Amino acid sequence: MSGHGFHVHGPHDHELEHAAQHADKDPFASRIAVTTAVLATVGALFGYMGGATQANASLYKNNAAIRKTEASNQWNYYQAKSSKQNLSELAIVIVAEEQRDRYRQEIDRYKEEKAQIKAKADALEAEARDWDQRSDAEMHLHHRWAQATTALQVSIALAAIALLTRRRWLEVGLYGVAAIGAGLGVAAVLHL
């Protein structure tokens, strides 16, 4: 906008400035100017929510990846215990009878340890699936916010064109597209 001899404006700022100065003389321009200000404010809020949901989706996907890595580590540990169990089972066949009880005890211990490891790995995999589902839901919500923001941006562009061309049908178009954007925003809010 203008001030102290310095003049900077965006594509439709000059028209908004003009409309503000002549509000009483030009109700069309005044109406479009106020509508544009409201749409820009709501669009900024929608844009913020779009960014927040995208960030959440990324964090949730990262949490899922961490759980998957932890589960993989548990499965590797499980495999190591299985190898030791297999060696103990082989030892029962090879060693003398008086040493076999020791290896049978080791086999039982390995089976018990493997059951605990498996339970932990399964729990981590279930957590990873839950985080993945939460991430997918956040991305869906992000797309709703992005659609709503885009519709509002298009309606703001229509407002600028309407101010420049003074075409009534563009005003109707801007309100229609703004209503679509608002509807998408309401759908996003309802998903929260």
# chains A, B, ... in the order shown; residues from 1 in each chain; ligands from 1
>>> residues_around(residues="Ile92 in chain A", least_positions_apart="6", cutoff="8 Å", atoms="only C-alpha atoms", output="VMD selection string")
chain A and resid 99 to 100 103 to 104
>>> residues_around(residues="Leu39 in chain A", least_positions_apart="2", cutoff="9 Å", atoms="only C-alpha atoms", output="mmCIF file with N, CA, C and O atoms, in the first residue's frame")
data_model
loop_
_atom_site.group_PDB
_atom_site.id
_atom_site.type_symbol
_atom_site.label_atom_id
_atom_site.label_comp_id
_atom_site.auth_asym_id
_atom_site.auth_seq_id
_atom_site.Cartn_x
_atom_site.Cartn_y
_atom_site.Cartn_z
ATOM 1 N N VAL A 34 -14.346 -5.732 0.688
ATOM 2 C CA VAL A 34 -14.592 -6.380 1.982
ATOM 3 C C VAL A 34 -14.587 -7.896 1.817
ATOM 4 O O VAL A 34 -13.997 -8.623 2.633
ATOM 5 N N THR A 35 -15.211 -8.368 0.757
ATOM 6 C CA THR A 35 -15.236 -9.808 0.501
ATOM 7 C C THR A 35 -13.819 -10.340 0.337
ATOM 8 O O THR A 35 -13.473 -11.403 0.874
ATOM 9 N N THR A 36 -12.991 -9.622 -0.395
ATOM 10 C CA THR A 36 -11.609 -10.049 -0.611
ATOM 11 C C THR A 36 -10.850 -10.120 0.704
ATOM 12 O O THR A 36 -10.097 -11.072 0.945
ATOM 13 N N ALA A 37 -11.044 -9.136 1.556
ATOM 14 C CA ALA A 37 -10.364 -9.142 2.851
ATOM 15 C C ALA A 37 -10.793 -10.344 3.693
ATOM 16 O O ALA A 37 -9.960 -11.015 4.317
ATOM 17 N N THR A 41 -8.398 -13.599 4.774
ATOM 18 C CA THR A 41 -8.224 -13.986 6.177
ATOM 19 C C THR A 41 -8.578 -15.455 6.381
ATOM 20 O O THR A 41 -7.826 -16.214 7.004
ATOM 21 N N VAL A 42 -9.723 -15.863 5.869
ATOM 22 C CA VAL A 42 -10.136 -17.266 6.006
ATOM 23 C C VAL A 42 -9.148 -18.170 5.268
ATOM 24 O O VAL A 42 -8.776 -19.239 5.760
ATOM 25 N N GLY A 43 -8.701 -17.730 4.098
ATOM 26 C CA GLY A 43 -7.716 -18.506 3.338
ATOM 27 C C GLY A 43 -6.418 -18.686 4.105
ATOM 28 O O GLY A 43 -5.799 -19.755 4.050
ATOM 29 N N ALA A 44 -5.992 -17.655 4.824
ATOM 30 C CA ALA A 44 -4.774 -17.771 5.635
ATOM 31 C C ALA A 44 -4.959 -18.816 6.733
ATOM 32 O O ALA A 44 -4.055 -19.620 7.000
ATOM 33 N N LEU A 152 -10.436 -20.688 -2.280
ATOM 34 C CA LEU A 152 -10.469 -19.303 -1.808
ATOM 35 C C LEU A 152 -9.482 -18.422 -2.587
ATOM 36 O O LEU A 152 -9.780 -17.257 -2.880
ATOM 37 N N GLN A 153 -8.345 -18.978 -2.942
ATOM 38 C CA GLN A 153 -7.384 -18.214 -3.741
ATOM 39 C C GLN A 153 -7.955 -17.893 -5.120
ATOM 40 O O GLN A 153 -7.783 -16.778 -5.630
ATOM 41 N N SER A 155 -11.140 -17.581 -5.777
ATOM 42 C CA SER A 155 -12.187 -16.569 -5.589
ATOM 43 C C SER A 155 -11.590 -15.182 -5.385
ATOM 44 O O SER A 155 -12.145 -14.182 -5.847
ATOM 45 N N ILE A 156 -10.432 -15.095 -4.722
ATOM 46 C CA ILE A 156 -9.756 -13.810 -4.562
ATOM 47 C C ILE A 156 -9.284 -13.285 -5.915
ATOM 48 O O ILE A 156 -9.407 -12.086 -6.208
ATOM 49 N N ALA A 178 -16.073 -19.059 -3.714
ATOM 50 C CA ALA A 178 -15.830 -18.875 -2.276
ATOM 51 C C ALA A 178 -16.709 -19.815 -1.456
ATOM 52 O O ALA A 178 -16.264 -20.375 -0.445
#
>>> atom_distance(atom1="CA of Asn56 in chain A", atom2="CA of Val38 in chain A")
27.2 Å
>>> closest_residue(among="A:Ile66, A:Ala157, A:Ala57, A:Ala179", to="Arg134 in chain A", atoms="only C-alpha atoms")
A:Ala57
>>> residues_around(residues="Ala187 in chain A", least_positions_apart="4", cutoff="10 Å", atoms="only C-alpha atoms", output="PyMOL selection string")
chain A and resi 141+144-145+148+181-183+191-192
>>> write_last_selection(atoms="C-alpha atoms", output="compact mmCIF listing (two decimals), in the first residue's frame")
# COMPACT_ATOMS: atom_id res chain seq x y z
CA LEU A 141 -7.36 -33.90 5.99
CA ARG A 144 -9.21 -31.08 2.24
CA TRP A 145 -7.54 -27.95 3.63
CA ALA A 148 -10.40 -25.24 0.42
CA GLY A 181 -14.01 -23.22 -0.64
CA ALA A 182 -15.97 -22.57 2.54
CA GLY A 183 -17.79 -25.88 2.09
CA HIS A 191 -13.00 -34.38 9.92
CA LEU A 192 -11.22 -32.99 12.98
>>> residues_around(residues="Ala128 in chain A", least_positions_apart="6", cutoff="9 Å", atoms="only C-alpha atoms", output="VMD selection string")
chain A and resid 61 63 to 68 71
>>> closest_residue(among="A:Arg129, A:Ile107, A:Ala55, A:Tyr78", to="Ala91 in chain A", atoms="only C-alpha atoms")
A:Ile107
>>> residues_around(residues="Gly50 in chain A", least_positions_apart="3", cutoff="7 Å", atoms="only C-alpha atoms", output="list of chain:residue names")
A:Phe46, A:Gly47, A:Thr53, A:Gln54, A:His142, A:Trp145, A:Ala146
>>> closest_residue(among="A:Ala115, A:Ala29, A:Val93, A:Leu164", to="Lys81 in chain A", atoms="only C-alpha atoms")
A:Ala115
>>> residues_around(residues="Ser135 in chain A", least_positions_apart="2", cutoff="8 Å", atoms="only C-alpha atoms", output="PyMOL selection string")
chain A and resi 56-61+131-133+137-139
>>> write_last_selection(atoms="N, CA and C atoms", output="PDB file, in the first residue's frame")
ATOM      1  N   ASN A  56       1.809 -32.883  10.759  1.00  0.00           N
ATOM      2  CA  ASN A  56       1.384 -34.009  11.601  1.00  0.00           C
ATOM      3  C   ASN A  56       1.514 -35.326  10.853  1.00  0.00           C
ATOM      4  N   ALA A  57       1.098 -35.342   9.596  1.00  0.00           N
ATOM      5  CA  ALA A  57       1.193 -36.575   8.801  1.00  0.00           C
ATOM      6  C   ALA A  57       2.643 -37.037   8.699  1.00  0.00           C
ATOM      7  N   SER A  58       3.553 -36.100   8.510  1.00  0.00           N
ATOM      8  CA  SER A  58       4.977 -36.448   8.425  1.00  0.00           C
ATOM      9  C   SER A  58       5.490 -36.991   9.751  1.00  0.00           C
ATOM     10  N   LEU A  59       5.110 -36.346  10.841  1.00  0.00           N
ATOM     11  CA  LEU A  59       5.540 -36.833  12.155  1.00  0.00           C
ATOM     12  C   LEU A  59       4.999 -38.230  12.439  1.00  0.00           C
ATOM     13  N   TYR A  60       3.729 -38.447  12.104  1.00  0.00           N
ATOM     14  CA  TYR A  60       3.129 -39.763  12.338  1.00  0.00           C
ATOM     15  C   TYR A  60       3.799 -40.833  11.478  1.00  0.00           C
ATOM     16  N   LYS A  61       4.122 -40.497  10.236  1.00  0.00           N
ATOM     17  CA  LYS A  61       4.798 -41.454   9.356  1.00  0.00           C
ATOM     18  C   LYS A  61       6.189 -41.764   9.911  1.00  0.00           C
ATOM     19  N   TRP A 131       0.188 -45.839  13.643  1.00  0.00           N
ATOM     20  CA  TRP A 131       0.784 -44.561  13.231  1.00  0.00           C
ATOM     21  C   TRP A 131       0.604 -44.328  11.732  1.00  0.00           C
ATOM     22  N   ASP A 132       0.740 -45.388  10.929  1.00  0.00           N
ATOM     23  CA  ASP A 132       0.527 -45.250   9.481  1.00  0.00           C
ATOM     24  C   ASP A 132      -0.901 -44.817   9.174  1.00  0.00           C
ATOM     25  N   GLN A 133      -1.859 -45.427   9.855  1.00  0.00           N
ATOM     26  CA  GLN A 133      -3.259 -45.063   9.632  1.00  0.00           C
ATOM     27  C   GLN A 133      -3.528 -43.623  10.052  1.00  0.00           C
ATOM     28  N   ALA A 137      -4.773 -40.548   7.597  1.00  0.00           N
ATOM     29  CA  ALA A 137      -5.935 -39.706   7.920  1.00  0.00           C
ATOM     30  C   ALA A 137      -5.548 -38.223   7.904  1.00  0.00           C
ATOM     31  N   GLU A 138      -4.377 -37.905   8.438  1.00  0.00           N
ATOM     32  CA  GLU A 138      -3.914 -36.508   8.432  1.00  0.00           C
ATOM     33  C   GLU A 138      -3.662 -36.017   7.011  1.00  0.00           C
ATOM     34  N   MET A 139      -3.112 -36.879   6.150  1.00  0.00           N
ATOM     35  CA  MET A 139      -2.879 -36.462   4.763  1.00  0.00           C
ATOM     36  C   MET A 139      -4.202 -36.225   4.046  1.00  0.00           C
TER      37      MET A 139
END
>>> atom_distance(atom1="CA of Asn62 in chain A", atom2="CA of Gln116 in chain A")
25.6 Å
>>> select_by_dssp(residues="chain A", states="strand (DSSP E or B)", output="list of chain:residue names")
A:Ser2, A:Gly3, A:Phe6, A:His7
>>> write_last_selection(atoms="N, CA, C and O atoms", output="mmCIF file, in the first residue's frame")
data_model
loop_
_atom_site.group_PDB
_atom_site.id
_atom_site.type_symbol
_atom_site.label_atom_id
_atom_site.label_comp_id
_atom_site.auth_asym_id
_atom_site.auth_seq_id
_atom_site.Cartn_x
_atom_site.Cartn_y
_atom_site.Cartn_z
ATOM 1 N N SER A 2 0.301 2.400 0.069
ATOM 2 C CA SER A 2 1.047 3.661 -0.015
ATOM 3 C C SER A 2 1.312 4.217 1.368
ATOM 4 O O SER A 2 0.554 4.016 2.305
ATOM 5 N N GLY A 3 2.416 4.979 1.479
ATOM 6 C CA GLY A 3 2.727 5.646 2.733
ATOM 7 C C GLY A 3 4.099 6.278 2.687
ATOM 8 O O GLY A 3 5.045 5.643 2.239
ATOM 9 N N PHE A 6 6.349 6.086 -0.354
ATOM 10 C CA PHE A 6 6.769 4.753 -0.789
ATOM 11 C C PHE A 6 5.522 3.985 -1.211
ATOM 12 O O PHE A 6 4.541 3.957 -0.483
ATOM 13 N N HIS A 7 5.551 3.355 -2.361
ATOM 14 C CA HIS A 7 4.354 2.716 -2.903
ATOM 15 C C HIS A 7 4.684 1.288 -3.342
ATOM 16 O O HIS A 7 5.485 1.090 -4.233
#
>>> atom_distance(atom1="CA of Glu70 in chain A", atom2="CA of Glu125 in chain A")
8.7 Å
